[in-house]
file final.pdb (PDB, C-alpha atoms)
ATOM      1  CA  MET B   1     119.182  23.714  55.152
ATOM      2  CA  ARG B   2     119.847  20.009  55.543
ATOM      3  CA  ALA B   3     116.904  18.832  53.400
ATOM      4  CA  ILE B   4     114.229  20.220  51.075
ATOM      5  CA  ILE B   5     110.662  18.909  50.943
ATOM      6  CA  PHE B   6     108.365  19.769  48.041
ATOM      7  CA  ASP B   7     104.691  19.964  47.314
ATOM      8  CA  LEU B   8     103.780  18.428  43.926
ATOM      9  CA  ASP B   9     100.715  20.039  42.274
ATOM     10  CA  GLY B  10     101.505  23.591  41.241
ATOM     11  CA  THR B  11     105.067  23.353  42.557
ATOM     12  CA  LEU B  12     106.905  20.689  40.581
ATOM     13  CA  ALA B  13     104.240  19.704  38.069
ATOM     14  CA  ASP B  14     101.427  21.442  36.230
ATOM     15  CA  THR B  15      98.653  18.966  36.968
ATOM     16  CA  GLU B  16      95.775  21.423  36.609
ATOM     17  CA  PRO B  17      94.434  20.379  33.168
ATOM     18  CA  ASP B  18      93.854  16.782  34.251
ATOM     19  CA  ILE B  19      92.505  17.864  37.649
ATOM     20  CA  GLN B  20      90.057  20.296  36.017
ATOM     21  CA  ASN B  21      88.849  17.537  33.685
ATOM     22  CA  ALA B  22      88.403  15.172  36.624
ATOM     23  CA  PHE B  23      86.338  17.794  38.440
ATOM     24  CA  ALA B  24      84.200  18.307  35.345
ATOM     25  CA  SER B  25      83.561  14.572  35.046
ATOM     26  CA  ALA B  26      82.643  14.304  38.729
ATOM     27  CA  PHE B  27      80.258  17.278  38.739
ATOM     28  CA  CYS B  28      78.620  15.890  35.612
ATOM     29  CA  GLY B  29      78.136  12.598  37.438
ATOM     30  CA  LEU B  30      76.560  14.488  40.325
ATOM     31  CA  ASN B  31      74.304  16.346  37.882
ATOM     32  CA  VAL B  32      75.691  19.649  39.165
ATOM     33  CA  PRO B  33      77.078  22.474  36.998
ATOM     34  CA  THR B  34      80.876  22.532  37.044
ATOM     35  CA  PRO B  35      82.165  25.555  38.993
ATOM     36  CA  PRO B  36      84.365  28.081  37.171
ATOM     37  CA  ALA B  37      87.946  27.013  36.522
ATOM     38  CA  ALA B  38      89.324  29.755  38.786
ATOM     39  CA  ALA B  39      87.203  28.550  41.695
ATOM     40  CA  LEU B  40      88.399  24.990  41.202
ATOM     41  CA  ARG B  41      92.021  26.086  40.882
ATOM     42  CA  ALA B  42      91.714  27.704  44.314
ATOM     43  CA  VAL B  43      90.963  24.354  45.973
ATOM     44  CA  ILE B  44      93.697  22.286  44.308
ATOM     45  CA  GLY B  45      95.758  20.807  47.113
ATOM     46  CA  MET B  46      92.865  20.407  49.538
ATOM     47  CA  ARG B  47      91.452  17.035  50.576
ATOM     48  CA  LEU B  48      89.070  16.084  47.760
ATOM     49  CA  GLU B  49      86.045  15.648  50.016
ATOM     50  CA  ASP B  50      86.581  19.164  51.341
ATOM     51  CA  CYS B  51      86.927  20.506  47.793
ATOM     52  CA  PHE B  52      83.546  19.133  46.803
ATOM     53  CA  GLY B  53      81.988  20.134  50.093
ATOM     54  CA  ARG B  54      82.712  23.770  49.280
ATOM     55  CA  PHE B  55      80.596  23.559  46.143
ATOM     56  CA  LEU B  56      77.836  21.310  47.496
ATOM     57  CA  ASP B  57      76.674  23.464  50.423
ATOM     58  CA  GLY B  58      78.572  21.321  52.900
ATOM     59  CA  ASP B  59      76.728  18.127  51.949
ATOM     60  CA  MET B  60      79.575  15.756  52.817
ATOM     61  CA  GLU B  61      77.718  12.640  51.687
ATOM     62  CA  ARG B  62      77.490  14.043  48.154
ATOM     63  CA  ALA B  63      81.004  15.408  48.542
ATOM     64  CA  ALA B  64      82.270  11.895  49.217
ATOM     65  CA  GLU B  65      80.515  10.692  46.066
ATOM     66  CA  GLY B  66      82.047  13.574  44.117
ATOM     67  CA  ALA B  67      85.495  12.610  45.372
ATOM     68  CA  ARG B  68      84.863   9.006  44.345
ATOM     69  CA  LEU B  69      83.782  10.033  40.846
ATOM     70  CA  PHE B  70      86.826  12.307  40.572
ATOM     71  CA  ARG B  71      89.178   9.456  41.446
ATOM     72  CA  VAL B  72      87.519   7.047  39.036
ATOM     73  CA  TRP B  73      88.066   9.447  36.122
ATOM     74  CA  TYR B  74      91.496  10.586  37.260
ATOM     75  CA  ALA B  75      92.817   7.020  37.543
ATOM     76  CA  GLY B  76      92.701   6.691  33.765
ATOM     77  CA  HIS B  77      93.679  10.248  32.852
ATOM     78  CA  TYR B  78      96.225  11.513  35.405
ATOM     79  CA  MET B  79      98.936  11.792  32.745
ATOM     80  CA  ASP B  80      96.884  13.071  29.801
ATOM     81  CA  GLU B  81      98.205  16.624  30.026
ATOM     82  CA  THR B  82     100.219  16.677  33.265
ATOM     83  CA  ARG B  83     103.850  17.705  32.810
ATOM     84  CA  PRO B  84     106.726  18.864  35.031
ATOM     85  CA  TYR B  85     107.180  22.617  35.057
ATOM     86  CA  PRO B  86     110.023  23.811  32.831
ATOM     87  CA  GLY B  87     113.222  23.721  34.828
ATOM     88  CA  ALA B  88     111.899  21.434  37.564
ATOM     89  CA  ASP B  89     113.732  18.309  36.431
ATOM     90  CA  ALA B  90     117.129  19.993  36.108
ATOM     91  CA  SER B  91     116.697  21.812  39.427
ATOM     92  CA  LEU B  92     115.798  18.637  41.293
ATOM     93  CA  ARG B  93     118.804  16.794  39.898
ATOM     94  CA  VAL B  94     121.153  19.542  41.029
ATOM     95  CA  LEU B  95     119.628  19.658  44.516
ATOM     96  CA  ALA B  96     119.491  15.860  44.937
ATOM     97  CA  ALA B  97     123.261  15.761  44.561
ATOM     98  CA  LYS B  98     123.594  18.169  47.491
ATOM     99  CA  MET B  99     121.021  17.078  50.083
ATOM    100  CA  PRO B 100     118.053  14.757  50.726
ATOM    101  CA  LEU B 101     114.810  15.631  48.944
ATOM    102  CA  ALA B 102     111.291  14.473  49.782
ATOM    103  CA  LEU B 103     107.763  14.983  48.486
ATOM    104  CA  CYS B 104     104.770  15.938  50.662
ATOM    105  CA  THR B 105     101.508  16.226  48.733
ATOM    106  CA  MET B 106      97.771  15.992  49.231
ATOM    107  CA  LYS B 107      97.546  13.983  46.020
ATOM    108  CA  LYS B 108      96.547  10.404  46.715
ATOM    109  CA  TRP B 109      99.767   8.526  47.332
ATOM    110  CA  GLN B 110      99.302   6.076  44.449
ATOM    111  CA  PHE B 111      99.111   8.923  41.945
ATOM    112  CA  ALA B 112     101.978  10.821  43.566
ATOM    113  CA  ARG B 113     104.237   7.806  43.191
ATOM    114  CA  LYS B 114     103.058   7.120  39.647
ATOM    115  CA  LEU B 115     103.888  10.679  38.614
ATOM    116  CA  VAL B 116     107.289  10.505  40.293
ATOM    117  CA  ASP B 117     108.004   7.316  38.334
ATOM    118  CA  ALA B 118     106.675   8.754  35.068
ATOM    119  CA  PHE B 119     108.912  11.814  35.393
ATOM    120  CA  GLY B 120     111.976   9.680  36.189
ATOM    121  CA  TRP B 121     112.286  11.116  39.703
ATOM    122  CA  ARG B 122     112.190   7.953  41.806
ATOM    123  CA  ASP B 123     115.891   8.117  42.663
ATOM    124  CA  LEU B 124     115.755  11.849  43.445
ATOM    125  CA  PHE B 125     113.370  11.617  46.421
ATOM    126  CA  LYS B 126     114.306   9.841  49.629
ATOM    127  CA  GLU B 127     110.655   9.795  50.692
ATOM    128  CA  VAL B 128     107.262  10.380  49.056
ATOM    129  CA  LEU B 129     104.270  10.973  51.311
ATOM    130  CA  GLY B 130     100.798  11.504  49.887
ATOM    131  CA  ALA B 131      97.239  11.871  51.109
ATOM    132  CA  GLU B 132      95.270   9.052  52.683
ATOM    133  CA  GLU B 133      98.240   7.582  54.495
ATOM    134  CA  GLY B 134      96.817   8.230  57.958
ATOM    135  CA  PHE B 135      97.886  11.860  58.390
ATOM    136  CA  ALA B 136      95.736  14.939  58.887
ATOM    137  CA  PRO B 137      95.501  17.105  55.746
ATOM    138  CA  LYS B 138      97.397  20.353  55.223
ATOM    139  CA  PRO B 139      97.758  22.827  56.902
ATOM    140  CA  GLU B 140      98.109  20.388  59.812
ATOM    141  CA  PRO B 141     101.830  19.687  60.237
ATOM    142  CA  ALA B 142     101.703  15.902  60.740
ATOM    143  CA  MET B 143     102.789  14.920  57.215
ATOM    144  CA  LEU B 144     105.706  17.332  57.192
ATOM    145  CA  LEU B 145     106.815  16.345  60.698
ATOM    146  CA  GLU B 146     106.731  12.670  59.731
ATOM    147  CA  LEU B 147     108.986  13.351  56.758
ATOM    148  CA  CYS B 148     111.387  15.253  59.002
ATOM    149  CA  ARG B 149     111.454  12.230  61.299
ATOM    150  CA  ARG B 150     112.146   9.865  58.403
ATOM    151  CA  LEU B 151     114.923  12.100  57.104
ATOM    152  CA  ASP B 152     116.284  12.551  60.638
ATOM    153  CA  VAL B 153     116.316  16.328  60.259
ATOM    154  CA  LYS B 154     114.809  18.939  62.577
ATOM    155  CA  PRO B 155     111.969  20.983  61.019
ATOM    156  CA  ALA B 156     113.975  24.182  61.482
ATOM    157  CA  ASN B 157     116.599  22.710  59.130
ATOM    158  CA  VAL B 158     114.103  21.658  56.445
ATOM    159  CA  LEU B 159     112.850  23.966  53.708
ATOM    160  CA  TYR B 160     109.316  23.298  52.487
ATOM    161  CA  VAL B 161     108.463  24.509  48.991
ATOM    162  CA  GLY B 162     104.821  24.911  47.955
ATOM    163  CA  ASP B 163     102.392  27.161  46.134
ATOM    164  CA  THR B 164      99.348  27.564  48.398
ATOM    165  CA  ALA B 165      98.305  28.922  51.773
ATOM    166  CA  MET B 166      97.821  25.322  52.890
ATOM    167  CA  ASP B 167     101.496  24.666  52.168
ATOM    168  CA  ALA B 168     102.585  27.845  53.907
ATOM    169  CA  GLY B 169     100.392  27.060  56.891
ATOM    170  CA  MET B 170     101.742  23.538  57.208
ATOM    171  CA  ALA B 171     105.326  24.816  57.149
ATOM    172  CA  ARG B 172     104.552  27.420  59.813
ATOM    173  CA  ASN B 173     102.731  24.916  61.983
ATOM    174  CA  ALA B 174     105.661  22.502  61.732
ATOM    175  CA  GLY B 175     108.261  25.181  62.463
ATOM    176  CA  ALA B 176     109.896  24.813  59.049
ATOM    177  CA  PRO B 177     111.007  27.623  56.707
ATOM    178  CA  TYR B 178     108.841  28.082  53.610
ATOM    179  CA  ALA B 179     109.551  29.030  50.003
ATOM    180  CA  TYR B 180     106.610  30.167  47.879
ATOM    181  CA  ALA B 181     106.237  28.834  44.332
ATOM    182  CA  ALA B 182     104.651  31.995  42.917
ATOM    183  CA  TYR B 183     104.169  30.408  39.476
ATOM    184  CA  GLY B 184     101.760  27.809  40.906
ATOM    185  CA  TYR B 185      98.061  27.825  41.742
ATOM    186  CA  GLY B 186      97.949  29.875  44.950
ATOM    187  CA  PRO B 187      97.736  33.670  44.397
ATOM    188  CA  ALA B 188     100.209  35.885  46.229
ATOM    189  CA  GLU B 189      97.526  37.394  48.463
ATOM    190  CA  SER B 190      96.688  33.923  49.816
ATOM    191  CA  VAL B 191     100.142  33.551  51.367
ATOM    192  CA  ALA B 192     100.716  37.185  52.323
ATOM    193  CA  GLU B 193     100.321  36.515  56.055
ATOM    194  CA  PHE B 194     102.904  33.721  56.117
ATOM    195  CA  PRO B 195     106.651  34.166  56.562
ATOM    196  CA  ARG B 196     108.756  32.905  53.680
ATOM    197  CA  VAL B 197     112.432  32.792  52.868
ATOM    198  CA  ALA B 198     111.971  33.063  49.099
ATOM    199  CA  SER B 199     109.408  33.624  46.349
ATOM    200  CA  LEU B 200     110.165  31.669  43.202
ATOM    201  CA  GLY B 201     109.149  32.969  39.794
ATOM    202  CA  SER B 202     109.694  29.670  37.998
ATOM    203  CA  ALA B 203     110.575  26.058  38.755
ATOM    204  CA  GLY B 204     113.997  26.760  37.299
ATOM    205  CA  GLU B 205     114.719  28.938  40.324
ATOM    206  CA  ILE B 206     114.340  25.958  42.655
ATOM    207  CA  GLU B 207     117.963  25.073  41.979
ATOM    208  CA  ALA B 208     119.112  28.209  43.805
ATOM    209  CA  LEU B 209     117.529  27.004  47.068
ATOM    210  CA  GLY B 210     120.472  24.674  47.607
TER
END
call {"tool": "encode", "arguments": {"input": "final.pdb", "output": "structure tokens"}}
result
Amino acid sequence: MRAIIFDLDGTLADTEPDIQNAFASAFCGLNVPTPPAAALRAVIGMRLEDCFGRFLDGDMERAAEGARLFRVWYAGHYMDETRPYPGADASLRVLAAKMPLALCTMKKWQFARKLVDAFGWRDLFKEVLGAEEGFAPKPEPAMLLELCRRLDVKPANVLYVGDTAMDAGMARNAGAPYAYAAYGYGPAESVAEFPRVASLGSAGEIEALG
């Protein structure tokens, strides 16, 4: 491997509590009962409009309003309970001394960069690419391929680390090896069909990828 690219939510940081609260606020604003936590966890990492569309019978106009309400709440609460996974910080620092690292997330880019800054990771990532920067959402490979281009590394020589089927699918579609963050939000059965070079039991194991 000549570079490692990471997902953020459920891979490097446990963002679920603040995301769940943002969903609850948005569904309240829509006057719709909040879906069960497990159902919401299953859509973390998807484009927000698609997340809401799943629970609003495909009504994408209301889904867009749900996404707007989510973002309004999240803007003031994205760091209430969000924390890096134990071992993530130390692992990233070890790897950053060995090879280029980058971040590829469906989190809106402003929040991705704010979290990177809050965790003290700005100098560890050569590139940070988030949602709404003109690229098709995961599992389309465009975001990952763009990061490979910026890092000047072929996809076959880049390891992508993520926790969901969307991450695994993006890696496969880009022709990049994939490592599964089994401690994250995507259950093992969701990635069973995808090839992977490693399954990680904790963020502390990320260090061994280098």
call {"tool": "resolve_selection", "arguments": {"input": "final.pdb", "expression": "the PyMOL selection byres ((chain B and resi 188) around 12)", "output": "list in words"}}
result
Ala42, Asp163, Thr164, Ala165, Ala168, Tyr180, Ala181, Ala182, Tyr183, Gly184, Tyr185, Gly186, Pro187, Glu189, Ser190, Val191, Ala192, Glu193, Phe194, Arg196, Ser199, Leu200 and Gly201 of chain B
call {"tool": "atom_distance", "arguments": {"input": "final.pdb", "atom1": "atom CA of Met166 of chain B", "atom2": "atom CA of Cys51 of chain B"}}
result
13.0 Å
call {"tool": "resolve_selection", "arguments": {"input": "final.pdb", "expression": "the PyMOL selection byres ((chain B and resi 52-66) around 8)", "output": "PyMOL selection string"}}
result
chain B and resi 26-27+29-30+35+48-51+67-70
call {"tool": "residues_around", "arguments": {"input": "final.pdb", "residues": "Leu145 of chain B", "least_positions_apart": "2", "cutoff": "12 Å", "atoms": "all atoms listed in the file", "output": "MDAnalysis selection string"}}
result
chainID B and resid 5 102 104 129 135:136 138:143 147:160 170:176
call {"tool": "closest_residue", "arguments": {"input": "final.pdb", "among": "B:Arg113, B:Thr11, B:Gly87, B:Glu16", "to": "Ala38 of chain B", "atoms": "all atoms listed in the file"}}
result
B:Glu16
call {"tool": "closest_residue", "arguments": {"input": "final.pdb", "among": "B:Ala39, B:Val161, B:Leu101, B:Ala118", "to": "Ile206 of chain B", "atoms": "all atoms listed in the file"}}
result
B:Val161
call {"tool": "atom_distance", "arguments": {"input": "final.pdb", "atom1": "atom CA of Leu92 of chain B", "atom2": "atom CA of Glu207 of chain B"}}
result
6.8 Å
call {"tool": "closest_residue", "arguments": {"input": "final.pdb", "among": "B:Gly45, B:Ser25, B:Tyr78, B:Lys114", "to": "Asp7 of chain B", "atoms": "all atoms listed in the file"}}
result
B:Gly45
call {"tool": "closest_residue", "arguments": {"input": "final.pdb", "among": "B:His77, B:Arg93, B:Arg41, B:Arg47", "to": "Arg122 of chain B", "atoms": "all atoms listed in the file"}}
result
B:Arg93
call {"tool": "atom_distance", "arguments": {"input": "final.pdb", "atom1": "atom CA of Thr105 of chain B", "atom2": "atom CA of Gly210 of chain B"}}
result
20.8 Å
call {"tool": "residues_around", "arguments": {"input": "final.pdb", "residues": "Phe119 of chain B", "least_positions_apart": "2", "cutoff": "12 Å", "atoms": "only C-alpha atoms", "output": "MDAnalysis selection string"}}
result
chainID B and resid 8 12:13 79 82:85 88:90 92:93 112:117 121:125
call {"tool": "closest_residue", "arguments": {"input": "final.pdb", "among": "B:Met1, B:Cys28, B:Ala203, B:Ile19", "to": "Gly162 of chain B", "atoms": "all atoms listed in the file"}}
result
B:Ala203
call {"tool": "closest_residue", "arguments": {"input": "final.pdb", "among": "B:Glu127, B:Asp167, B:Glu133, B:Glu81", "to": "Gln20 of chain B", "atoms": "all atoms listed in the file"}}
result
B:Glu81
call {"tool": "build_atoms", "arguments": {"input": "final.pdb", "residues": "segment 131-156 of chain B", "atoms": "N, CA and C atoms", "output": "compact mmCIF listing (two decimals), in the coordinates of the input"}}
result
# COMPACT_ATOMS: atom_id res chain seq x y z
N ALA B 131 98.46 11.87 50.32
CA ALA B 131 97.24 11.87 51.11
C ALA B 131 96.77 10.44 51.37
N GLU B 132 95.91 10.32 52.33
CA GLU B 132 95.27 9.05 52.68
C GLU B 132 96.26 8.02 53.20
N GLU B 133 97.30 8.49 53.86
CA GLU B 133 98.24 7.58 54.50
C GLU B 133 98.18 7.72 56.02
N GLY B 134 97.02 8.18 56.52
CA GLY B 134 96.82 8.23 57.96
C GLY B 134 97.20 9.54 58.61
N PHE B 135 97.48 10.58 57.83
CA PHE B 135 97.89 11.86 58.39
C PHE B 135 96.81 12.91 58.13
N ALA B 136 96.68 13.84 59.06
CA ALA B 136 95.74 14.94 58.89
C ALA B 136 96.15 15.77 57.68
N PRO B 137 95.17 16.33 56.94
CA PRO B 137 95.50 17.10 55.75
C PRO B 137 96.16 18.44 56.08
N LYS B 138 96.85 19.00 55.10
CA LYS B 138 97.40 20.35 55.22
C LYS B 138 96.25 21.31 55.57
N PRO B 139 96.48 22.32 56.39
CA PRO B 139 97.76 22.83 56.90
C PRO B 139 98.22 22.19 58.22
N GLU B 140 97.59 21.09 58.64
CA GLU B 140 98.11 20.39 59.81
C GLU B 140 99.53 19.93 59.52
N PRO B 141 100.42 19.94 60.51
CA PRO B 141 101.83 19.69 60.24
C PRO B 141 102.25 18.22 60.24
N ALA B 142 101.32 17.30 60.49
CA ALA B 142 101.70 15.90 60.74
C ALA B 142 102.50 15.29 59.59
N MET B 143 102.08 15.51 58.35
CA MET B 143 102.79 14.92 57.22
C MET B 143 104.22 15.43 57.13
N LEU B 144 104.38 16.74 57.29
CA LEU B 144 105.71 17.33 57.19
C LEU B 144 106.59 16.88 58.35
N LEU B 145 106.04 16.80 59.55
CA LEU B 145 106.82 16.34 60.70
C LEU B 145 107.24 14.89 60.54
N GLU B 146 106.37 14.07 59.96
CA GLU B 146 106.73 12.67 59.73
C GLU B 146 107.89 12.56 58.74
N LEU B 147 107.88 13.38 57.71
CA LEU B 147 108.99 13.35 56.76
C LEU B 147 110.28 13.82 57.41
N CYS B 148 110.20 14.82 58.27
CA CYS B 148 111.39 15.25 59.00
C CYS B 148 111.93 14.12 59.85
N ARG B 149 111.03 13.37 60.48
CA ARG B 149 111.45 12.23 61.30
C ARG B 149 112.15 11.18 60.43
N ARG B 150 111.56 10.88 59.27
CA ARG B 150 112.15 9.86 58.40
C ARG B 150 113.50 10.30 57.86
N LEU B 151 113.65 11.59 57.61
CA LEU B 151 114.92 12.10 57.10
C LEU B 151 115.92 12.38 58.22
N ASP B 152 115.45 12.28 59.47
CA ASP B 152 116.28 12.55 60.64
C ASP B 152 116.84 13.97 60.61
N VAL B 153 115.95 14.91 60.33
CA VAL B 153 116.32 16.33 60.26
C VAL B 153 115.29 17.13 61.05
N LYS B 154 115.73 18.09 61.83
CA LYS B 154 114.81 18.94 62.58
C LYS B 154 114.03 19.84 61.61
N PRO B 155 112.76 20.12 61.91
CA PRO B 155 111.97 20.98 61.02
C PRO B 155 112.64 22.32 60.72
N ALA B 156 113.32 22.88 61.69
CA ALA B 156 113.98 24.18 61.48
C ALA B 156 115.07 24.12 60.42
